[in-house]
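Just coords_39.cif here, mmCIF, C-alpha atoms:
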```cif
data_protein
loop_
_atom_site.label_atom_id
_atom_site.label_comp_id
_atom_site.auth_asym_id
_atom_site.auth_seq_id
_atom_site.Cartn_x
_atom_site.Cartn_y
_atom_site.Cartn_z
CA MET F 1 -122.93 -31.69 -129.75
CA VAL F 2 -121.59 -32.67 -126.32
CA THR F 3 -123.07 -30.77 -123.38
CA THR F 4 -124.00 -31.08 -119.73
CA PHE F 5 -127.39 -29.39 -119.98
CA TYR F 6 -130.05 -29.88 -122.64
CA PRO F 7 -133.81 -29.34 -122.34
CA PRO F 8 -135.62 -30.47 -120.32
CA TYR F 9 -132.54 -31.20 -118.15
CA ASN F 10 -131.63 -27.56 -118.23
CA PHE F 11 -131.34 -24.42 -116.08
CA GLY F 12 -130.06 -21.51 -118.16
CA GLY F 13 -129.40 -20.41 -121.69
CA ASP F 14 -126.59 -22.77 -122.69
CA GLY F 15 -128.83 -25.83 -123.08
CA ILE F 16 -131.40 -23.80 -125.01
CA TYR F 17 -128.61 -22.51 -127.26
CA VAL F 18 -127.49 -26.07 -128.05
CA GLN F 19 -131.04 -27.12 -128.84
CA ARG F 20 -131.57 -24.15 -131.15
CA MET F 21 -128.28 -24.77 -132.91
CA ALA F 22 -128.98 -28.48 -133.39
CA ARG F 23 -132.41 -27.77 -134.88
CA ALA F 24 -131.12 -24.94 -137.07
CA LEU F 25 -128.45 -27.22 -138.52
CA ALA F 26 -131.00 -29.99 -139.08
CA ARG F 27 -133.20 -27.54 -141.01
CA ARG F 28 -130.23 -27.00 -143.31
CA GLY F 29 -129.88 -30.71 -144.01
CA HIS F 30 -127.22 -31.66 -141.47
CA HIS F 31 -127.45 -34.76 -139.29
CA VAL F 32 -126.93 -33.76 -135.64
CA GLU F 33 -126.59 -35.93 -132.55
CA VAL F 34 -126.64 -34.43 -129.07
CA ILE F 35 -124.97 -36.20 -126.15
CA HIS F 36 -125.98 -34.73 -122.81
CA ASP F 37 -125.85 -35.56 -119.13
CA THR F 38 -128.86 -35.92 -116.84
CA ASP F 39 -127.01 -36.65 -113.60
CA GLY F 40 -126.03 -33.04 -112.91
CA TYR F 41 -129.59 -31.76 -113.20
CA ARG F 42 -131.02 -34.63 -111.14
CA ALA F 43 -128.35 -34.23 -108.46
CA MET F 44 -129.01 -30.50 -108.12
CA THR F 45 -132.81 -30.66 -108.17
CA GLY F 46 -133.51 -34.10 -106.72
CA ARG F 47 -136.00 -34.87 -109.48
CA ASP F 48 -136.52 -35.58 -113.14
CA PRO F 49 -138.04 -32.80 -115.25
CA GLY F 50 -141.13 -33.15 -117.39
CA PRO F 51 -141.10 -35.07 -120.66
CA ALA F 52 -138.76 -33.91 -123.40
CA GLU F 53 -140.19 -32.08 -126.39
CA PRO F 54 -139.96 -34.30 -129.51
CA ASP F 55 -136.94 -33.54 -131.65
CA PRO F 56 -137.35 -32.88 -135.37
CA ASP F 57 -135.98 -35.10 -138.12
CA GLY F 58 -132.23 -34.83 -138.31
CA VAL F 59 -131.66 -34.49 -134.55
CA VAL F 60 -130.90 -37.52 -132.38
CA VAL F 61 -130.53 -37.00 -128.62
CA HIS F 62 -128.60 -39.31 -126.28
CA ALA F 63 -129.53 -38.57 -122.64
CA LEU F 64 -126.96 -40.19 -120.34
CA GLY F 65 -127.82 -40.96 -116.72
CA SER F 66 -126.74 -43.27 -113.93
CA ARG F 67 -128.29 -44.88 -110.85
CA PHE F 68 -126.42 -42.52 -108.54
CA PRO F 69 -126.53 -39.08 -110.15
CA GLY F 70 -124.90 -37.23 -107.25
CA LEU F 71 -121.87 -39.52 -107.19
CA SER F 72 -121.60 -39.48 -110.98
CA ALA F 73 -121.67 -35.68 -111.17
CA LEU F 74 -119.21 -35.34 -108.27
CA ARG F 75 -116.79 -37.78 -109.89
CA THR F 76 -116.62 -35.76 -113.10
CA GLN F 77 -116.49 -32.45 -111.23
CA GLN F 78 -113.58 -33.71 -109.11
CA THR F 79 -111.52 -35.46 -111.78
CA GLY F 80 -112.14 -33.28 -114.85
CA ARG F 81 -112.67 -36.46 -116.88
CA PRO F 82 -115.71 -38.37 -118.15
CA GLY F 83 -116.51 -40.89 -115.43
CA ALA F 84 -119.65 -43.00 -115.51
CA HIS F 85 -120.45 -41.95 -119.09
CA GLY F 86 -116.97 -42.09 -120.64
CA ALA F 87 -117.31 -45.41 -122.43
CA ARG F 88 -120.76 -44.53 -123.76
CA ILE F 89 -119.62 -41.13 -125.06
CA ALA F 90 -116.64 -42.73 -126.80
CA GLU F 91 -118.93 -45.35 -128.33
CA ILE F 92 -121.38 -42.77 -129.70
CA LEU F 93 -118.68 -40.47 -131.06
CA GLY F 94 -116.37 -43.11 -132.56
CA ASP F 95 -115.14 -41.79 -135.88
CA ARG F 96 -118.63 -41.00 -137.24
CA PHE F 97 -118.69 -37.20 -137.23
CA ASP F 98 -117.19 -34.46 -139.36
CA VAL F 99 -117.51 -32.00 -136.47
CA ILE F 100 -117.70 -32.50 -132.71
CA HIS F 101 -118.90 -29.38 -130.93
CA TYR F 102 -118.49 -29.21 -127.15
CA HIS F 103 -120.49 -26.75 -125.06
CA ASN F 104 -120.84 -26.78 -121.26
CA ILE F 105 -118.82 -29.90 -120.40
CA SER F 106 -118.42 -29.26 -116.68
CA LEU F 107 -120.40 -32.33 -115.54
CA ILE F 108 -120.32 -34.54 -118.62
CA GLY F 109 -116.59 -34.96 -119.00
CA GLY F 110 -114.52 -31.93 -118.08
CA PRO F 111 -111.43 -31.26 -120.22
CA GLY F 112 -110.84 -35.00 -120.56
CA VAL F 113 -113.84 -35.40 -122.87
CA TRP F 114 -112.11 -33.31 -125.56
CA ARG F 115 -109.92 -36.26 -126.53
CA LEU F 116 -112.85 -38.54 -127.40
CA GLY F 117 -113.94 -38.97 -131.02
CA THR F 118 -112.43 -37.72 -134.26
CA GLY F 119 -113.12 -34.87 -136.65
CA LEU F 120 -112.92 -31.10 -136.37
CA LYS F 121 -113.45 -30.13 -132.74
CA LEU F 122 -114.99 -26.90 -131.46
CA HIS F 123 -115.84 -25.70 -127.97
CA THR F 124 -118.21 -22.81 -127.22
CA ALA F 125 -117.60 -20.95 -123.95
CA HIS F 126 -121.13 -20.21 -122.71
CA GLU F 127 -119.70 -19.10 -119.35
CA HIS F 128 -116.17 -18.56 -117.99
CA TRP F 129 -115.74 -22.15 -116.81
CA LEU F 130 -112.47 -22.52 -118.73
CA VAL F 131 -110.84 -20.00 -116.38
CA CYS F 132 -113.17 -20.02 -113.36
CA PRO F 133 -114.33 -22.97 -111.20
CA SER F 134 -117.51 -21.06 -110.28
CA HIS F 135 -118.13 -20.32 -114.00
CA ILE F 136 -118.99 -16.62 -113.61
CA LEU F 137 -115.91 -14.71 -112.31
CA TRP F 138 -117.91 -13.73 -109.22
CA ARG F 139 -115.36 -13.90 -106.40
CA ASP F 140 -116.38 -15.17 -102.97
CA ASN F 141 -120.02 -15.02 -104.10
CA ARG F 142 -120.04 -11.24 -103.54
CA GLU F 143 -117.96 -9.27 -106.08
CA LEU F 144 -116.39 -9.24 -109.54
CA CYS F 145 -113.18 -11.24 -109.77
CA ASP F 146 -110.06 -9.34 -110.78
CA ALA F 147 -107.51 -11.98 -109.75
CA PRO F 148 -107.91 -15.69 -108.98
CA ARG F 149 -108.28 -16.84 -105.37
CA CYS F 150 -110.09 -19.98 -106.37
CA LEU F 151 -109.88 -22.22 -103.30
CA THR F 152 -111.66 -19.90 -100.88
CA CYS F 153 -113.98 -18.69 -103.63
CA VAL F 154 -115.43 -22.08 -104.58
CA VAL F 155 -115.94 -22.92 -100.91
CA ARG F 156 -117.97 -19.72 -100.49
CA HIS F 157 -119.94 -20.67 -103.59
CA GLY F 158 -120.75 -23.99 -101.86
CA ARG F 159 -118.88 -26.13 -104.37
CA PRO F 160 -116.18 -28.76 -103.80
CA PRO F 161 -112.68 -27.55 -104.82
CA GLN F 162 -111.42 -28.96 -108.14
CA LEU F 163 -107.85 -30.00 -107.50
CA TRP F 164 -107.39 -31.02 -111.13
CA ARG F 165 -107.36 -27.35 -112.09
CA ALA F 166 -103.95 -27.01 -110.43
CA THR F 167 -102.51 -29.82 -112.57
CA GLY F 168 -102.68 -28.04 -115.94
CA LEU F 169 -105.34 -30.45 -117.26
CA ILE F 170 -107.08 -27.81 -119.38
CA GLU F 171 -103.79 -26.76 -120.95
CA ARG F 172 -102.79 -30.37 -121.65
CA GLU F 173 -106.12 -31.33 -123.21
CA ALA F 174 -106.86 -28.10 -125.11
CA HIS F 175 -104.70 -29.20 -128.07
CA ASN F 176 -107.51 -31.66 -128.92
CA VAL F 177 -109.77 -28.69 -129.78
CA ASP F 178 -109.28 -26.84 -133.06
CA ALA F 179 -110.95 -23.61 -131.94
CA PHE F 180 -112.61 -22.22 -128.83
CA LEU F 181 -115.62 -20.12 -129.78
CA MET F 182 -116.44 -16.95 -127.85
CA LEU F 183 -119.83 -15.25 -128.15
CA SER F 184 -118.47 -11.74 -127.47
CA ARG F 185 -115.21 -9.81 -127.53
CA SER F 186 -115.70 -9.24 -123.81
CA ALA F 187 -115.72 -12.98 -123.09
CA GLU F 188 -112.64 -13.47 -125.25
CA ALA F 189 -110.81 -10.66 -123.41
CA ASN F 190 -111.72 -12.11 -120.02
CA HIS F 191 -110.36 -15.52 -120.99
CA ARG F 192 -107.11 -13.95 -122.15
CA ARG F 193 -106.91 -11.82 -118.99
CA PHE F 194 -107.12 -14.93 -116.83
CA GLY F 195 -104.45 -16.80 -118.77
CA PHE F 196 -106.31 -18.81 -121.43
CA THR F 197 -104.00 -19.07 -124.47
CA PRO F 198 -105.48 -21.60 -127.00
CA PRO F 199 -106.90 -20.33 -130.33
CA THR F 200 -110.21 -18.47 -130.04
CA GLU F 201 -112.78 -17.19 -132.53
CA VAL F 202 -115.57 -14.70 -131.82
CA VAL F 203 -118.80 -15.97 -133.38
CA PRO F 204 -122.31 -14.46 -133.31
CA SER F 205 -125.03 -15.79 -131.07
CA PHE F 206 -128.46 -16.12 -132.67
CA LEU F 207 -132.16 -16.74 -132.33
CA PRO F 208 -134.33 -18.73 -134.75
CA ASP F 209 -136.61 -16.90 -137.15
CA VAL F 210 -140.22 -16.54 -136.03
CA PRO F 211 -143.27 -15.04 -137.75
CA PRO F 212 -144.17 -11.48 -136.71
CA LEU F 213 -146.59 -11.01 -133.86
CA PRO F 214 -150.15 -10.22 -134.93
CA PRO F 215 -151.44 -6.78 -133.88
CA ALA F 216 -152.61 -6.69 -130.27
CA GLU F 217 -156.25 -5.85 -129.59
CA THR F 218 -155.39 -4.36 -126.19
CA PRO F 219 -152.09 -3.49 -124.46
CA VAL F 220 -150.62 -6.18 -122.22
CA HIS F 221 -150.23 -3.61 -119.43
CA PRO F 222 -152.16 -0.38 -118.82
CA ARG F 223 -149.12 1.84 -118.13
CA PRO F 224 -145.71 2.30 -119.76
CA PHE F 225 -143.40 -0.38 -118.38
CA PHE F 226 -139.85 -1.65 -118.27
CA LEU F 227 -139.22 -5.38 -118.36
CA PHE F 228 -136.77 -7.73 -116.65
CA VAL F 229 -136.56 -11.34 -117.87
CA GLY F 230 -134.37 -13.96 -116.24
CA ARG F 231 -133.50 -15.99 -113.19
CA LEU F 232 -133.96 -14.14 -109.93
CA GLU F 233 -130.47 -14.50 -108.47
CA ILE F 234 -128.23 -12.06 -106.67
CA ILE F 235 -125.76 -11.88 -109.58
CA LYS F 236 -128.47 -10.67 -111.96
CA GLY F 237 -128.53 -7.29 -110.20
CA LEU F 238 -132.26 -6.72 -109.96
CA GLN F 239 -131.79 -5.50 -106.37
CA ASP F 240 -130.11 -2.42 -107.87
CA VAL F 241 -133.11 -1.73 -110.13
CA ILE F 242 -136.12 -2.07 -107.83
CA PRO F 243 -135.17 0.92 -105.61
CA ALA F 244 -134.94 3.12 -108.72
CA PHE F 245 -138.71 2.76 -109.30
CA THR F 246 -139.73 5.69 -107.17
CA PRO F 247 -142.95 7.65 -107.69
CA ASP F 248 -140.90 10.01 -109.91
CA VAL F 249 -140.63 7.30 -112.59
CA PRO F 250 -143.84 7.39 -114.69
CA ALA F 251 -143.63 3.69 -115.56
CA ASP F 252 -143.82 0.25 -113.99
CA LEU F 253 -141.28 -2.55 -113.64
CA LEU F 254 -142.52 -6.00 -114.71
CA ILE F 255 -140.37 -8.94 -113.60
CA ALA F 256 -140.68 -12.23 -115.50
CA GLY F 257 -138.85 -15.14 -113.91
CA SER F 258 -138.22 -16.96 -110.66
CA GLY F 259 -135.26 -18.02 -108.58
CA ASN F 260 -133.72 -18.42 -105.16
CA TYR F 261 -133.31 -14.66 -104.60
CA GLU F 262 -137.00 -13.95 -105.21
CA PRO F 263 -138.04 -13.69 -101.53
CA GLU F 264 -135.44 -10.97 -100.90
CA LEU F 265 -136.46 -9.10 -104.05
CA ARG F 266 -140.12 -9.25 -103.06
CA ARG F 267 -139.26 -7.78 -99.65
CA LEU F 268 -137.34 -5.02 -101.40
CA ALA F 269 -140.36 -4.27 -103.58
CA GLU F 270 -142.84 -4.00 -100.71
CA GLY F 271 -144.65 -0.66 -100.77
CA ARG F 272 -143.78 -0.07 -104.44
CA PRO F 273 -147.02 -0.44 -106.43
CA ASN F 274 -145.13 0.12 -109.70
CA VAL F 275 -143.15 -3.15 -109.30
CA ARG F 276 -144.89 -6.39 -110.29
CA PHE F 277 -143.66 -10.00 -110.26
CA LEU F 278 -145.07 -12.12 -113.09
CA GLY F 279 -143.39 -15.46 -112.37
CA HIS F 280 -142.33 -17.86 -115.09
CA MET F 281 -143.95 -17.08 -118.44
CA ARG F 282 -144.48 -18.92 -121.71
CA PRO F 283 -142.29 -17.76 -124.64
CA ASP F 284 -145.30 -16.52 -126.65
CA ASP F 285 -146.46 -14.35 -123.75
CA LEU F 286 -142.95 -13.01 -123.28
CA ARG F 287 -142.80 -11.96 -126.92
CA ARG F 288 -145.75 -9.62 -126.42
CA LEU F 289 -144.15 -8.13 -123.30
CA TYR F 290 -140.90 -7.53 -125.17
CA ALA F 291 -142.76 -5.87 -128.03
CA GLU F 292 -144.56 -3.39 -125.77
CA ALA F 293 -141.81 -2.69 -123.21
CA ARG F 294 -140.30 0.77 -123.09
CA ALA F 295 -136.98 -1.07 -122.61
CA VAL F 296 -135.64 -4.39 -121.31
CA ILE F 297 -133.39 -3.91 -118.27
CA THR F 298 -130.26 -6.10 -118.08
CA PRO F 299 -128.46 -5.18 -114.84
CA SER F 300 -126.16 -8.18 -114.27
CA ARG F 301 -123.47 -7.62 -111.68
CA CYS F 302 -121.25 -10.37 -113.08
CA TYR F 303 -119.65 -10.89 -116.50
CA GLU F 304 -122.23 -12.27 -118.89
CA VAL F 305 -121.04 -13.88 -122.13
CA PHE F 306 -123.93 -12.95 -124.45
CA PRO F 307 -127.40 -13.08 -122.88
CA LEU F 308 -130.15 -14.44 -125.11
CA VAL F 309 -132.52 -11.97 -123.44
CA VAL F 310 -130.85 -9.20 -125.45
CA LEU F 311 -131.60 -10.93 -128.73
CA GLU F 312 -135.15 -11.72 -127.66
CA ALA F 313 -135.63 -8.01 -126.97
CA PHE F 314 -134.07 -6.87 -130.25
CA ARG F 315 -136.07 -9.39 -132.26
CA GLU F 316 -139.27 -7.81 -130.97
CA GLY F 317 -138.02 -4.25 -131.44
CA ALA F 318 -137.36 -3.43 -127.77
CA PRO F 319 -134.23 -1.52 -126.72
CA ILE F 320 -132.12 -2.50 -123.73
CA LEU F 321 -131.07 -0.55 -120.65
CA ALA F 322 -127.92 -2.36 -119.56
CA ARG F 323 -125.21 -2.13 -116.94
CA ASP F 324 -121.96 -0.88 -118.45
CA LEU F 325 -120.21 -4.22 -117.94
CA GLY F 326 -119.19 -7.30 -119.87
CA PRO F 327 -120.63 -7.62 -123.39
CA TYR F 328 -123.20 -4.84 -123.07
CA PRO F 329 -120.98 -1.93 -124.19
CA GLU F 330 -120.07 -3.76 -127.41
CA ILE F 331 -123.70 -4.81 -127.99
CA VAL F 332 -124.92 -1.22 -127.66
CA GLU F 333 -122.01 0.02 -129.82
CA GLN F 334 -122.76 -2.53 -132.55
CA SER F 335 -126.52 -2.02 -132.53
CA GLY F 336 -127.38 1.43 -131.25
CA GLY F 337 -130.22 -0.43 -129.57
CA GLY F 338 -130.06 0.86 -126.03
CA LEU F 339 -128.51 2.83 -123.20
CA LEU F 340 -125.89 1.96 -120.58
CA PHE F 341 -125.81 2.84 -116.88
CA ARG F 342 -122.97 2.74 -114.38
CA ASP F 343 -124.64 3.65 -111.09
CA ALA F 344 -128.00 4.37 -109.48
CA ASP F 345 -128.05 7.98 -110.69
CA ASP F 346 -127.36 6.90 -114.28
CA LEU F 347 -130.10 4.30 -114.05
CA GLY F 348 -132.66 6.72 -112.61
CA ARG F 349 -132.01 9.34 -115.28
CA SER F 350 -132.30 6.75 -118.06
CA LEU F 351 -135.57 5.36 -116.68
CA VAL F 352 -137.17 8.80 -116.58
CA ARG F 353 -135.79 9.69 -120.02
CA LEU F 354 -137.19 6.57 -121.69
CA ALA F 355 -140.46 6.71 -119.78
CA ARG F 356 -141.09 10.28 -120.95
CA ASP F 357 -139.77 9.87 -124.51
CA PRO F 358 -141.45 6.90 -126.22
CA ASP F 359 -140.12 8.04 -129.61
CA LEU F 360 -136.55 7.60 -128.38
CA ALA F 361 -137.37 4.08 -127.18
CA LYS F 362 -138.94 3.25 -130.55
CA ARG F 363 -135.93 4.56 -132.49
CA MET F 364 -133.50 2.54 -130.41
CA GLY F 365 -135.75 -0.51 -130.63
CA ALA F 366 -135.80 -0.21 -134.42
CA ASP F 367 -132.00 0.06 -134.45
CA GLY F 368 -131.81 -3.08 -132.31
CA ARG F 369 -134.10 -4.92 -134.71
CA ARG F 370 -131.97 -3.91 -137.72
CA ALA F 371 -128.82 -5.06 -135.94
CA PHE F 372 -130.52 -8.35 -135.09
CA ASP F 373 -131.32 -8.95 -138.75
CA MET F 374 -127.78 -8.07 -139.86
CA ARG F 375 -125.76 -9.75 -137.07
CA TRP F 376 -127.71 -12.22 -134.95
CA SER F 377 -130.45 -13.77 -137.06
CA GLU F 378 -130.30 -17.52 -137.60
CA GLY F 379 -129.27 -17.30 -141.25
CA VAL F 380 -126.43 -14.86 -140.60
CA ALA F 381 -125.07 -16.69 -137.55
CA LEU F 382 -125.30 -20.18 -139.03
CA GLY F 383 -123.66 -18.93 -142.22
CA ALA F 384 -120.74 -17.56 -140.21
CA TYR F 385 -120.53 -20.79 -138.20
CA LEU F 386 -120.40 -23.01 -141.30
CA ASP F 387 -117.88 -20.68 -142.97
CA LEU F 388 -115.67 -21.01 -139.90
CA ILE F 389 -115.91 -24.80 -140.08
CA ASP F 390 -114.93 -24.74 -143.76
CA ARG F 391 -111.95 -22.49 -143.00
CA LEU F 392 -110.76 -24.65 -140.10
CA ARG F 393 -111.20 -27.86 -142.07
CA ALA F 394 -109.20 -26.43 -144.95
CA GLY F 395 -106.42 -25.54 -142.53
CA LYS F 396 -106.25 -29.13 -141.29
CA THR F 397 -105.74 -30.71 -144.72
CA PRO F 398 -102.14 -31.77 -145.51
CA ASP F 399 -101.99 -29.75 -148.75
CA ALA F 400 -103.44 -26.52 -147.26
CA ALA F 401 -101.45 -23.43 -148.16
#
```
Mind converting the file's structure to structure tokens?
Amino acid sequence: MVTTFYPPYNFGGDGIYVQRMARALARRGHHVEVIHDTDGYRAMTGRDPGPAEPDPDGVVVHALGSRFPGLSALRTQQTGRPGAHGARIAEILGDRFDVIHYHNISLIGGPGVWRLGTGLKLHTAHEHWLVCPSHILWRDNRELCDAPRCLTCVVRHGRPPQLWRATGLIEREAHNVDAFLMLSRSAEANHRRFGFTPPTEVVPSFLPDVPPLPPAETPVHPRPFFLFVGRLEIIKGLQDVIPAFTPDVPADLLIAGSGNYEPELRRLAEGRPNVRFLGHMRPDDLRRLYAEARAVITPSRCYEVFPLVVLEAFREGAPILARDLGPYPEIVEQSGGGLLFRDADDLGRSLVRLARDPDLAKRMGADGRRAFDMRWSEGVALGAYLDLIDRLRAGKTPDAA
């Protein structure tokens, strides 16, 4: 596994996904090595995180860092090639691996890292970085992107322009990758819409299996509640949800997470006693909130790929109330585990409906749980992943039909 972010040098879901995949493969007897960058995280935060959690047998982690993390990250971001870490990555990969799986490579090597090492090569698109310098198809830091205007956009996102993108580097290096893996049909369609032509495969995301929660002695919250879990950023759309919690909604909104947009969201919530900020929460505490929520609200304004929050909700039997955008329509279609909204009126009606009809929420939550077991559990997803590897490897052999 080759990735920019990996816990504890990690911000969002892509590093957690890599960690879960590495450990799931190790549990099935595979030897996995993870190569990840620390410079990007240190450059963006100005610090080192806490100590790393010990990795289980079968997982070896190579954390690559330099004396000047800001310069190292900028060099890779500007050239699209592995800079300070290139020789070390090539040394670790060598010709030792049957499969090399790239993930978020934006600050560990850009498209140039694809040529290092031998074996079957895969790349998972956790965001839209392959077609978007800002990763999220959020133009000018204010609206959905429907056509590229990348130079002005990245400046408004506060990022240095990447001149290598105009040289066709992704197209020239993509032949080194046997398949680009997409976590939703929506993400695949967006890549095609913005001109990405290499071979793609849609594969299921997943969560690891966990034992059921024991029965709760008392509810975690005294009133019916809806739950938001995630980073508090403008693109996550929570500013469209808070105003919907009027006195007419017989339920509360609990917000688990933190982020740079939190002060504005707190100002928006002033005078609304049915909106509560919980801050960052431990996974075990979140599980109980998921299990008792009337629904989990996922209001992202930008194109998500496949949010892990959805699977965390489904695993605990909670339905979702999602914006009709990106992967959410296909998730609701495949699972029956939630409702979609398009505007404030839609959202308000759905909130009241679910607040007043707990049986409907339970039915949709049960449907989400069944879909999780059938589509997105660890065994199902890893089985599909290994079957794909077998199929691709067979296609690479000289005598393949």
| request: Pick out the closest residue to Leu169 of chain F from this set: F:Gly119, F:Ile35, F:Trp114, F:Asp140. Count all atoms listed in the file. | output: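 Comparing F:Gly119, F:Ile35, F:Trp114, F:Asp140 against Leu169 of chain F, the winner is F:Trp114.
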Atom CA of Arg301 of chain F to atom CA of Tyr6 of chain F measures 25.7 Å
task = Go through the shown structure with the PyMOL selection byres ((chain F and resi 322-324) around 9) and write out the matching residues as a list of chain:residue names.
result = F:Val296, F:Ile297, F:Thr298, F:Pro299, F:Ser300, F:Arg301, F:Ile320, F:Leu321, F:Leu325, F:Gly326, F:Pro327, F:Tyr328, F:Pro329, F:Val332, F:Gly338, F:Leu339, F:Leu340, F:Phe341, F:Arg342, F:Asp343, F:Leu347
- prompt: Which one is closest to Leu232 of chain F: F:Leu74, F:Leu130, F:Leu265, F:Val210? Count all atoms listed in the file.
  reply: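 Comparing F:Leu74, F:Leu130, F:Leu265, F:Val210 against Leu232 of chain F, the winner is F:Leu265.
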*asked:* To test your reading of the syntax: which residues would the PyMOL selection byres ((chain F and resi 205) around 7) return for the file shown? Reply as a PyMOL selection string.
replied: chain F and resi 183+203-204+206+376+381
Expand the PyMOL selection byres ((chain F and resi 234) around 12) into the explicit residue set it covers here, and present it as a list in words. Trp138, Asn141, Arg142, Glu143, Gly230, Arg231, Leu232, Glu233, Ile235, Lys236, Gly237, Leu238, Gln239, Asp240, Val241, Ser258, Gly259, Asn260, Tyr261, Glu262, Pro263, Glu264, Leu265, Pro299, Ser300, Arg301 and Cys302 of chain F
Given the selection you just returned, output its residues as a file containing C-alpha atoms, formatted as a CSV table (one decimal), in the frame of the given file.
```csv
chain,number,residue,atom,x,y,z
F,138,TRP,CA,-117.9,-13.7,-109.2
F,141,ASN,CA,-120.0,-15.0,-104.1
F,142,ARG,CA,-120.0,-11.2,-103.5
F,143,GLU,CA,-118.0,-9.3,-106.1
F,230,GLY,CA,-134.4,-14.0,-116.2
F,231,ARG,CA,-133.5,-16.0,-113.2
F,232,LEU,CA,-134.0,-14.1,-109.9
F,233,GLU,CA,-130.5,-14.5,-108.5
F,235,ILE,CA,-125.8,-11.9,-109.6
F,236,LYS,CA,-128.5,-10.7,-112.0
F,237,GLY,CA,-128.5,-7.3,-110.2
F,238,LEU,CA,-132.3,-6.7,-110.0
F,239,GLN,CA,-131.8,-5.5,-106.4
F,240,ASP,CA,-130.1,-2.4,-107.9
F,241,VAL,CA,-133.1,-1.7,-110.1
F,258,SER,CA,-138.2,-17.0,-110.7
F,259,GLY,CA,-135.3,-18.0,-108.6
F,260,ASN,CA,-133.7,-18.4,-105.2
F,261,TYR,CA,-133.3,-14.7,-104.6
F,262,GLU,CA,-137.0,-14.0,-105.2
F,263,PRO,CA,-138.0,-13.7,-101.5
F,264,GLU,CA,-135.4,-11.0,-100.9
F,265,LEU,CA,-136.5,-9.1,-104.0
F,299,PRO,CA,-128.5,-5.2,-114.8
F,300,SER,CA,-126.2,-8.2,-114.3
F,301,ARG,CA,-123.5,-7.6,-111.7
F,302,CYS,CA,-121.2,-10.4,-113.1
```
Here atom CA of Tyr9 of chain F and atom CA of Val154 of chain F stand apart by 23.7 Å
Shortest contact to Pro211 of chain F, candidates F:Thr197, F:Arg23, F:Leu388, F:Asp284, atoms counted all atoms listed in the file, goes to F:Asp284
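If only C-alpha atoms are the atoms counted, then among F:Leu107, F:Val32, F:Ala318, F:Ala187 the closest residue to Ile136 of chain F is F:Ala187.
Of note, atom CA of Asp252 of chain F and atom CA of Ile331 of chain F are spaced 25.0 Å apart.
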- request: Find the residues around Ala87 of chain F up to 12 Å (all atoms listed in the file counted), leave out those fewer than 3 positions away in its own chain, and share them as a PyMOL selection string.
  value: chain F and resi 64+81-84+90-94+108-109+113+116-117
The residue from F:Leu253, F:Val229, F:Asp209, F:Pro7 with the smallest atom-to-atom distance to His280 of chain F, counting only C-alpha atoms, is F:Val229
Just checking: using only C-alpha atoms, which residue out of F:Ala384, F:Leu207, F:Ala52, F:Ala256 ends up closest to Ala24 of chain F?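 For Ala24 of chain F, the nearest of the given residues is F:Leu207.
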Check: Counting only C-alpha atoms, what is within 8 Å of Ala269 of chain F, bar same-chain residues fewer than 4 positions away, as a list of chain:residue names?
Finding: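 The neighbour list is F:Ile242, F:Pro243, F:Leu265, F:Val275.
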Exercise. May I have the residues within 8 Å of Glu316 of chain F as an MDAnalysis selection string, using all atoms listed in the file and disregarding those fewer than 5 positions away in the same chain?
Key: chainID F and resid 287 290:291 369
Missing atoms in segment 179-187 of chain F need filling: write out N, CA and C atoms for it as a PDB file, in the frame of the given file.
```
ATOM      1  N   ALA F 179    -110.665 -25.011-132.222  1.00  0.00           N
ATOM      2  CA  ALA F 179    -110.950 -23.610-131.940  1.00  0.00           C
ATOM      3  C   ALA F 179    -111.938 -23.509-130.791  1.00  0.00           C
ATOM      4  N   PHE F 180    -111.689 -22.549-129.913  1.00  0.00           N
ATOM      5  CA  PHE F 180    -112.610 -22.220-128.830  1.00  0.00           C
ATOM      6  C   PHE F 180    -113.417 -21.010-129.258  1.00  0.00           C
ATOM      7  N   LEU F 181    -114.737 -21.154-129.256  1.00  0.00           N
ATOM      8  CA  LEU F 181    -115.620 -20.120-129.780  1.00  0.00           C
ATOM      9  C   LEU F 181    -116.133 -19.248-128.639  1.00  0.00           C
ATOM     10  N   MET F 182    -115.988 -17.942-128.821  1.00  0.00           N
ATOM     11  CA  MET F 182    -116.440 -16.950-127.850  1.00  0.00           C
ATOM     12  C   MET F 182    -117.613 -16.189-128.457  1.00  0.00           C
ATOM     13  N   LEU F 183    -118.624 -15.907-127.647  1.00  0.00           N
ATOM     14  CA  LEU F 183    -119.830 -15.250-128.150  1.00  0.00           C
ATOM     15  C   LEU F 183    -119.750 -13.729-128.069  1.00  0.00           C
ATOM     16  N   SER F 184    -118.663 -13.187-127.512  1.00  0.00           N
ATOM     17  CA  SER F 184    -118.470 -11.740-127.470  1.00  0.00           C
ATOM     18  C   SER F 184    -116.987 -11.444-127.327  1.00  0.00           C
ATOM     19  N   ARG F 185    -116.603 -10.235-127.730  1.00  0.00           N
ATOM     20  CA  ARG F 185    -115.210  -9.810-127.530  1.00  0.00           C
ATOM     21  C   ARG F 185    -114.902  -9.709-126.044  1.00  0.00           C
ATOM     22  N   SER F 186    -115.894  -9.324-125.253  1.00  0.00           N
ATOM     23  CA  SER F 186    -115.700  -9.240-123.810  1.00  0.00           C
ATOM     24  C   SER F 186    -115.322 -10.592-123.222  1.00  0.00           C
ATOM     25  N   ALA F 187    -116.030 -11.644-123.604  1.00  0.00           N
ATOM     26  CA  ALA F 187    -115.720 -12.980-123.090  1.00  0.00           C
ATOM     27  C   ALA F 187    -114.327 -13.414-123.533  1.00  0.00           C
TER      28      ALA F 187
END
```
